[in-house]
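Q: I'd like to ask some things about the structure below.
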Amino acid sequence: MRTIQIFDTTLRDGEQSPGVNLSIDEKVEIALQLERLGVNVIEAGFSAASPGDLNAVREVAKVVRNASVCSLSRAVKGDIDAAWESLKDAENPTLHIFIATSPLHRQYKLGKSKDELLESIRGSLSYARQFFSRIEFSAEDAGRTERDFLAQVVDCAIREGAKVINLPDTVGYLDPDEYAEMFRYIRQEVPRTDEIILSAHCHDDLGMAVANSLAAIKAGVTQIEGTINGIGERAGNAAIEEVVMAIRTREDFYQVKTTFRHEEIARTSRLVSKLTGMYVPGNKAIVGENAFDHESGIHQDGVLKHRGTYEIMSPSSIGKEEVPFTMGKHSGRHAFRVRLEQLGYPQSDERINVLFKRFKELADRKKSITDEDLIALVEERVHKG
Ligand code: KIV
Ligand code: ZN
């Protein structure tokens with residue numbers, strides 16, 4: 001079974017979410033939690049972007065010991081120098097050089113021909129090799145790059161010493177089959193791709209970032225990039241907790257594993273949400289408040305009889321405490337009885353019949369029924385004797 005490396009970019013791509021600006025202390029706090037979570041690479045920032053980012057990368061590199069700390073860099077000397085300045089004391093630094101390769105980016109953003117672009121890759125990687133032994137190269141907008149040119153780019157970067165090749169779907173445009181096909185093509189056409197780490201980096205513009213990442217795993221990649229809670233530019237990045245839990249829950253299907261400590265997921269998600277101010281929707285997979293809740297009577301009854309009926313993983317597997325079912329108008333008699341017992345109010349069948357009728361009337365009037373509401377219902381019944 002191959003091991004998939006997890007490259008976390010919450011502190012770089014994630015911080016590019018509109019309105020998010022993390023202080024150095026906040027970045028350090030999140031980085032330490034990511035280390036606890038077991039990610040393999042922490043992209044702490046873009047050192048050339050601002051003095052604050054450079055310092056943040058440096059501070060993260062000082063404290064993190066069990067993951068490689070990484071800085072983003074354009075394919076230019078000044079950025080590489082800034083990255084080295086921030087990472088020179090790191091235990092195991094990674095330099096992440098990127099340049100856009102698609103026709104749109106070449107023409108409008110960079111104004112470079114294909115040959116000029118290949119020259120930039122050669123020049124920047126050979127310069128960076130003086131400082132860094134671990135270099136990741138990303139072909140930005142790889143997904144919309146001509147496949148034969150992408151193969152040339154990857155070949156060039158491998159020859160120039162890149163140890164990791166990342167092929168991002170920068171604008172979240174590809175379908176899972178297309179994204180997987182791109183990796184299969186590159187693995188087939190470019191020599192020595194089995195000697196390097198091939199990495200997937202997906203954005204969620206069409207809601208397919210996680211599906212694309214999983215398709216890339218099936219096509220042979222050995223690293224997935226993403227962010228906690230899926231935060232990031234526009235619609236965000238692949239949510240790492242979703243990719244990792246999909247792999248864990250369907251291990252037989254994907255035939256891969258990670259070094260993740262899943263029980264740290266809930267805590268990490270809460271920390272990132274609190275410090276970025278980015279609220280996690282209740283129905284978000286894995287870490288949403290409702291992800292392990294059951295409201296309908298049929299589901300509650302099923303889960304009370306056997307959790308596997310409606311749960312494919314347990315809340316404890318992500319470090320979340322078990323919470324009682326939400327009681328509402330869809331809830332059934334079985335869950336109602338069990339909840340009253342849990343609250344210390346066991347009732348006879350006869351009483352349950354009466355109380356359950358009142359509970360349904362109340363649930364029609366009130367959006368959510370609290371434990372206090374349930375106790376009030378029972379005590380009213382007791383009073384009326
Ligand atoms: O989405 C992207 O292409 C990126 C690169 C800088 C790797 O974030
Ligand atoms: Zn990105």
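Labels used: A, B, ... for chains in the order of the structure tokens, numbers from 1 for residues in each chain, and numbers from 1 for ligands as shown.
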May I have the residues within 9 Å of ligand 2, computed using only C-alpha atoms and all ligand atoms, as a PyMOL selection string?
A: chain A and resi 9+12-14+140+168-171+201-203+225-226+232-233+236-237
Q: Those selected residues, please, written with C-alpha atoms and delivered as a PDB file, in the first residue's frame.
A:
```pdb
ATOM      1  CA  THR A   9      -1.182  25.062   2.388  1.00  0.00           C
ATOM      2  CA  ARG A  12      -0.414  30.176   2.200  1.00  0.00           C
ATOM      3  CA  ASP A  13      -3.204  29.353  -0.296  1.00  0.00           C
ATOM      4  CA  GLY A  14      -5.690  29.215   2.598  1.00  0.00           C
ATOM      5  CA  GLU A 140       0.548  26.789 -12.433  1.00  0.00           C
ATOM      6  CA  PRO A 168      -2.368  22.122 -10.137  1.00  0.00           C
ATOM      7  CA  ASP A 169      -5.876  22.540 -11.415  1.00  0.00           C
ATOM      8  CA  THR A 170      -5.455  26.210 -10.515  1.00  0.00           C
ATOM      9  CA  VAL A 171      -8.910  27.373 -11.560  1.00  0.00           C
ATOM     10  CA  HIS A 201      -3.293  20.591  -6.050  1.00  0.00           C
ATOM     11  CA  CYS A 202      -6.969  21.259  -6.710  1.00  0.00           C
ATOM     12  CA  HIS A 203      -9.278  24.247  -6.431  1.00  0.00           C
ATOM     13  CA  GLU A 225      -2.117  19.473  -1.441  1.00  0.00           C
ATOM     14  CA  GLY A 226      -4.981  21.237   0.258  1.00  0.00           C
ATOM     15  CA  GLY A 232      -8.513  29.331  -0.091  1.00  0.00           C
ATOM     16  CA  GLU A 233      -8.739  31.587  -3.150  1.00  0.00           C
ATOM     17  CA  GLY A 236     -11.168  27.380  -1.938  1.00  0.00           C
ATOM     18  CA  ASN A 237      -8.831  24.401  -2.143  1.00  0.00           C
TER      19      ASN A 237
END
```
Q: Which stretch 160-256 of chain A residues have any atom within 12 Å of an atom of stretch 38-62 of chain A, and for each, what is the nearest pair of atoms with distance in Å to one decimal, counting only C-alpha atoms, rows sorted by chain and number, as CSV?
A:
```
residue,atom,partner,partner_atom,distance
A:Val164,CA,A:Val41,CA,11.7
A:Ser199,CA,A:Val41,CA,12.0
A:Thr222,CA,A:Asn40,CA,11.8
A:Gln223,CA,A:Asn40,CA,9.4
A:Ile224,CA,A:Asn40,CA,10.2
A:Glu225,CA,A:Val41,CA,9.1
A:Gly226,CA,A:Glu43,CA,10.1
A:Thr227,CA,A:Glu43,CA,10.1
A:Ile228,CA,A:Val39,CA,10.9
A:Ile240,CA,A:Val39,CA,9.6
A:Glu241,CA,A:Val39,CA,10.8
A:Val244,CA,A:Val39,CA,10.5
```
Q: Restrict the selected residues to N, CA and C atoms and save them as a PDB file, in the first residue's frame.
A:
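Output saved as out.pdb:
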```pdb
ATOM      1  N   VAL A 164       9.911  17.257  -6.276  1.00  0.00           N
ATOM      2  CA  VAL A 164       8.451  17.126  -6.260  1.00  0.00           C
ATOM      3  C   VAL A 164       7.913  17.906  -7.462  1.00  0.00           C
ATOM      4  N   SER A 199       2.521  15.411  -7.413  1.00  0.00           N
ATOM      5  CA  SER A 199       1.599  16.025  -6.464  1.00  0.00           C
ATOM      6  C   SER A 199       0.371  16.633  -7.158  1.00  0.00           C
ATOM      7  N   THR A 222       1.559  10.786  -5.448  1.00  0.00           N
ATOM      8  CA  THR A 222       1.923  10.374  -4.084  1.00  0.00           C
ATOM      9  C   THR A 222       1.875  11.544  -3.113  1.00  0.00           C
ATOM     10  N   GLN A 223       1.387  12.691  -3.570  1.00  0.00           N
ATOM     11  CA  GLN A 223       1.201  13.814  -2.635  1.00  0.00           C
ATOM     12  C   GLN A 223      -0.082  14.556  -2.990  1.00  0.00           C
ATOM     13  N   ILE A 224      -0.820  14.946  -1.952  1.00  0.00           N
ATOM     14  CA  ILE A 224      -2.033  15.746  -2.138  1.00  0.00           C
ATOM     15  C   ILE A 224      -1.837  17.066  -1.414  1.00  0.00           C
ATOM     16  N   GLU A 225      -2.206  18.159  -2.076  1.00  0.00           N
ATOM     17  CA  GLU A 225      -2.117  19.473  -1.441  1.00  0.00           C
ATOM     18  C   GLU A 225      -3.529  19.976  -1.156  1.00  0.00           C
ATOM     19  N   GLY A 226      -3.658  20.702  -0.068  1.00  0.00           N
ATOM     20  CA  GLY A 226      -4.981  21.237   0.258  1.00  0.00           C
ATOM     21  C   GLY A 226      -4.930  22.037   1.540  1.00  0.00           C
ATOM     22  N   THR A 227      -6.096  22.391   2.015  1.00  0.00           N
ATOM     23  CA  THR A 227      -6.173  23.232   3.217  1.00  0.00           C
ATOM     24  C   THR A 227      -7.193  22.643   4.191  1.00  0.00           C
ATOM     25  N   ILE A 228      -7.065  23.035   5.442  1.00  0.00           N
ATOM     26  CA  ILE A 228      -8.046  22.628   6.444  1.00  0.00           C
ATOM     27  C   ILE A 228      -9.342  23.403   6.190  1.00  0.00           C
ATOM     28  N   ILE A 240      -8.426  19.086   3.043  1.00  0.00           N
ATOM     29  CA  ILE A 240      -7.555  17.951   3.386  1.00  0.00           C
ATOM     30  C   ILE A 240      -8.282  16.906   4.226  1.00  0.00           C
ATOM     31  N   GLU A 241      -9.106  17.375   5.188  1.00  0.00           N
ATOM     32  CA  GLU A 241      -9.761  16.401   6.066  1.00  0.00           C
ATOM     33  C   GLU A 241     -10.708  15.505   5.271  1.00  0.00           C
ATOM     34  N   VAL A 244      -8.414  12.934   3.304  1.00  0.00           N
ATOM     35  CA  VAL A 244      -7.815  11.952   4.208  1.00  0.00           C
ATOM     36  C   VAL A 244      -8.865  10.978   4.747  1.00  0.00           C
TER      37      VAL A 244
END
```
Q: So how many Å separate atom CA of A:Lys305 and atom CA of A:Leu340, to one decimal?
A: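 For atom CA of A:Lys305 relative to atom CA of A:Leu340, the distance reads 17.0 Å.
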Q: Give me the residues of stretch 142-221 of chain A that have any atom at most 8 Å from an atom of stretch 102-122 of chain A; for each, the nearest atom pair and the distance in Å, rounded to one decimal. Use only C-alpha atoms, sort by chain and number, and format it as JSON lines.
A:
```
{"residue": "A:Ala142", "atom": "CA", "partner": "A:Ser102", "partner_atom": "CA", "distance": 6.4}
{"residue": "A:Gly143", "atom": "CA", "partner": "A:Ser102", "partner_atom": "CA", "distance": 7.9}
{"residue": "A:Arg144", "atom": "CA", "partner": "A:Ser102", "partner_atom": "CA", "distance": 5.5}
{"residue": "A:Thr145", "atom": "CA", "partner": "A:Ser102", "partner_atom": "CA", "distance": 4.1}
{"residue": "A:Glu146", "atom": "CA", "partner": "A:Ser102", "partner_atom": "CA", "distance": 7.0}
{"residue": "A:Phe149", "atom": "CA", "partner": "A:Lys114", "partner_atom": "CA", "distance": 8.0}
{"residue": "A:Val153", "atom": "CA", "partner": "A:Leu118", "partner_atom": "CA", "distance": 6.5}
{"residue": "A:Cys156", "atom": "CA", "partner": "A:Arg122", "partner_atom": "CA", "distance": 7.0}
{"residue": "A:Ala157", "atom": "CA", "partner": "A:Ile121", "partner_atom": "CA", "distance": 6.6}
{"residue": "A:Glu160", "atom": "CA", "partner": "A:Arg122", "partner_atom": "CA", "distance": 6.2}
```
Q: Go ahead and write the selection's residues with C-alpha atoms as a PDB file, in the first residue's frame.
A:
```pdb
ATOM      1  CA  ALA A 142      -1.241  22.805 -15.543  1.00  0.00           C
ATOM      2  CA  GLY A 143      -4.824  21.655 -16.084  1.00  0.00           C
ATOM      3  CA  ARG A 144      -5.267  24.064 -19.020  1.00  0.00           C
ATOM      4  CA  THR A 145      -1.774  23.571 -20.443  1.00  0.00           C
ATOM      5  CA  GLU A 146      -1.193  21.724 -23.740  1.00  0.00           C
ATOM      6  CA  PHE A 149       4.198  21.206 -23.575  1.00  0.00           C
ATOM      7  CA  VAL A 153       8.004  21.447 -18.633  1.00  0.00           C
ATOM      8  CA  CYS A 156      12.883  20.135 -17.719  1.00  0.00           C
ATOM      9  CA  ALA A 157      12.085  20.559 -14.003  1.00  0.00           C
ATOM     10  CA  GLU A 160      17.019  20.567 -13.103  1.00  0.00           C
TER      11      GLU A 160
END
```
Q: Determine, counting only C-alpha atoms, which protein, DNA and RNA residues have an atom within 8 Å of an atom of A:Ala139; residues of the same chain fewer than 5 positions away are not included. Present the result as a compact mmCIF listing (two decimals) with C-alpha atoms, in the first residue's frame.
A:
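Writing the result to selection29.txt gives the following:
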```txt
# COMPACT_ATOMS: atom_id res chain seq x y z
CA PHE A 98 5.97 27.96 -9.48
CA ILE A 99 5.47 29.41 -12.92
CA ALA A 100 2.32 29.44 -15.04
CA THR A 101 2.40 27.25 -18.14
CA LEU A 150 3.38 20.20 -20.00
CA VAL A 153 8.00 21.45 -18.63
CA ASN A 166 3.01 19.54 -8.67
CA LEU A 167 0.40 19.86 -11.43
CA PRO A 168 -2.37 22.12 -10.14
```
Q: Determine, counting only C-alpha atoms, which protein, DNA and RNA residues have an atom within 10 Å of an atom of stretch 192-198 of chain A; residues of the same chain fewer than 5 positions away are not included. Present the result as an MDAnalysis selection string.
A: chainID A and resid 4:5 136 154:155 158:159 161:167 183 186:187 216:217 220:224
Q: Output the selection as an mmCIF file, in the first residue's frame - N, CA and C atoms for each residue.
A:
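Saved file out-v8.cif follows:
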```cif
data_model
loop_
_atom_site.group_PDB
_atom_site.id
_atom_site.type_symbol
_atom_site.label_atom_id
_atom_site.label_comp_id
_atom_site.auth_asym_id
_atom_site.auth_seq_id
_atom_site.Cartn_x
_atom_site.Cartn_y
_atom_site.Cartn_z
ATOM 1 N N ILE A 4 0.519 8.250 0.979
ATOM 2 C CA ILE A 4 0.301 9.560 0.355
ATOM 3 C C ILE A 4 0.791 10.645 1.313
ATOM 4 N N GLN A 5 1.672 11.508 0.803
ATOM 5 C CA GLN A 5 2.153 12.648 1.586
ATOM 6 C C GLN A 5 1.070 13.734 1.588
ATOM 7 N N GLU A 136 10.233 21.794 -4.700
ATOM 8 C CA GLU A 136 8.995 21.397 -5.408
ATOM 9 C C GLU A 136 8.797 22.385 -6.540
ATOM 10 N N VAL A 154 7.672 19.417 -17.347
ATOM 11 C CA VAL A 154 7.959 18.479 -16.249
ATOM 12 C C VAL A 154 9.335 17.852 -16.442
ATOM 13 N N ASP A 155 9.635 17.475 -17.682
ATOM 14 C CA ASP A 155 10.938 16.874 -17.979
ATOM 15 C C ASP A 155 12.061 17.842 -17.611
ATOM 16 N N ILE A 158 12.449 18.163 -13.805
ATOM 17 C CA ILE A 158 13.089 16.976 -13.199
ATOM 18 C C ILE A 158 14.596 16.987 -13.483
ATOM 19 N N ARG A 159 14.943 17.304 -14.738
ATOM 20 C CA ARG A 159 16.381 17.371 -15.077
ATOM 21 C C ARG A 159 17.103 18.408 -14.238
ATOM 22 N N GLY A 161 16.520 19.115 -11.220
ATOM 23 C CA GLY A 161 16.665 18.710 -9.820
ATOM 24 C C GLY A 161 15.424 18.834 -8.952
ATOM 25 N N ALA A 162 14.266 19.149 -9.535
ATOM 26 C CA ALA A 162 13.056 19.212 -8.690
ATOM 27 C C ALA A 162 12.764 17.816 -8.136
ATOM 28 N N LYS A 163 12.455 17.769 -6.825
ATOM 29 C CA LYS A 163 12.185 16.469 -6.189
ATOM 30 C C LYS A 163 10.684 16.187 -6.135
ATOM 31 N N VAL A 164 9.911 17.257 -6.276
ATOM 32 C CA VAL A 164 8.451 17.126 -6.260
ATOM 33 C C VAL A 164 7.913 17.906 -7.462
ATOM 34 N N ILE A 165 7.026 17.287 -8.212
ATOM 35 C CA ILE A 165 6.397 17.994 -9.339
ATOM 36 C C ILE A 165 4.906 18.078 -9.043
ATOM 37 N N ASN A 166 4.416 19.317 -8.986
ATOM 38 C CA ASN A 166 3.012 19.544 -8.667
ATOM 39 C C ASN A 166 2.291 20.060 -9.909
ATOM 40 N N LEU A 167 1.147 19.434 -10.231
ATOM 41 C CA LEU A 167 0.399 19.856 -11.425
ATOM 42 C C LEU A 167 -0.988 20.338 -10.995
ATOM 43 N N PHE A 183 -2.297 13.099 -15.320
ATOM 44 C CA PHE A 183 -1.192 12.458 -14.586
ATOM 45 C C PHE A 183 -0.743 11.172 -15.286
ATOM 46 N N ILE A 186 1.454 12.161 -18.181
ATOM 47 C CA ILE A 186 2.784 12.634 -17.760
ATOM 48 C C ILE A 186 3.638 11.448 -17.283
ATOM 49 N N ARG A 187 3.039 10.538 -16.543
ATOM 50 C CA ARG A 187 3.813 9.378 -16.048
ATOM 51 C C ARG A 187 4.288 8.507 -17.206
ATOM 52 N N ALA A 216 -6.703 11.757 -8.816
ATOM 53 C CA ALA A 216 -5.245 11.836 -9.029
ATOM 54 C C ALA A 216 -4.535 10.712 -8.264
ATOM 55 N N ILE A 217 -5.038 10.389 -7.078
ATOM 56 C CA ILE A 217 -4.433 9.291 -6.310
ATOM 57 C C ILE A 217 -4.566 7.991 -7.103
ATOM 58 N N GLY A 220 -1.992 7.602 -9.620
ATOM 59 C CA GLY A 220 -0.606 7.353 -9.213
ATOM 60 C C GLY A 220 0.120 8.468 -8.487
ATOM 61 N N VAL A 221 -0.543 9.612 -8.164
ATOM 62 C CA VAL A 221 0.204 10.663 -7.456
ATOM 63 C C VAL A 221 0.509 10.197 -6.029
ATOM 64 N N THR A 222 1.559 10.786 -5.448
ATOM 65 C CA THR A 222 1.923 10.374 -4.084
ATOM 66 C C THR A 222 1.875 11.544 -3.113
ATOM 67 N N GLN A 223 1.387 12.691 -3.570
ATOM 68 C CA GLN A 223 1.201 13.814 -2.635
ATOM 69 C C GLN A 223 -0.082 14.556 -2.990
ATOM 70 N N ILE A 224 -0.820 14.946 -1.952
ATOM 71 C CA ILE A 224 -2.033 15.746 -2.138
ATOM 72 C C ILE A 224 -1.837 17.066 -1.414
#
```
Q: Hey, which of A:Arg358, A:Arg261, A:Lys88, A:Lys218 ends up closest to A:Glu35? Count only C-alpha atoms.
A: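 Ranking A:Arg358, A:Arg261, A:Lys88, A:Lys218 by distance to A:Glu35, first place goes to A:Arg261.
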Q: Could you write out, as a list in words, all the residues of stretch 107-319 of chain A that DSSP marks as strand (DSSP E or B)?
A: Ile135, Glu136, Phe137, Ser138, Ala139, Glu140, Val164, Ile165, Asn166, Leu167, Pro168, Asp169, Ile197, Leu198, Ser199, Ala200, His201, Cys202, His203, Gln223, Ile224, Glu225, Gly226, Thr227, Asn237, Ala239, Val256 and Lys257 of chain A
Q: So which residues touch A:Ile80 within 10 Å, counting only C-alpha atoms, skipping near sequence neighbours fewer than 6 positions away, as a list in words?
A: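 After dropping sequence-adjacent residues, the list is Ser47, Ala48, Ser71, Leu72, Ser73, Arg74, Ser86, Leu95, His96, Ile97, Ser124, Leu125, Tyr127, Ala128, Phe131 and Phe132 of chain A.
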Q: List as a VMD selection string the protein and nucleic acid residues near stretch 273-283 of chain A, meaning an atom at most 9 Å away when only C-alpha atoms are counted, but skip any in the same chain fewer than 6 places from it.
A: chain A and resid 15 17 19 to 22 26 to 27 30 228 to 229 231 289 to 291
Q: Excluding same-chain residues fewer than 4 positions from stretch 296-299 of chain A, what lies within 7 Å of it counting only C-alpha atoms, as a PDB file with C-alpha atoms, in the first residue's frame?
A:
```pdb
ATOM      1  CA  VAL A 303     -28.596   4.313  14.308  1.00  0.00           C
ATOM      2  CA  TYR A 310     -26.412   5.612   8.642  1.00  0.00           C
ATOM      3  CA  HIS A 330     -38.909  14.427  12.121  1.00  0.00           C
ATOM      4  CA  SER A 331     -37.715  12.556  15.194  1.00  0.00           C
ATOM      5  CA  GLY A 332     -39.269   9.236  16.096  1.00  0.00           C
TER       6      GLY A 332
END
```
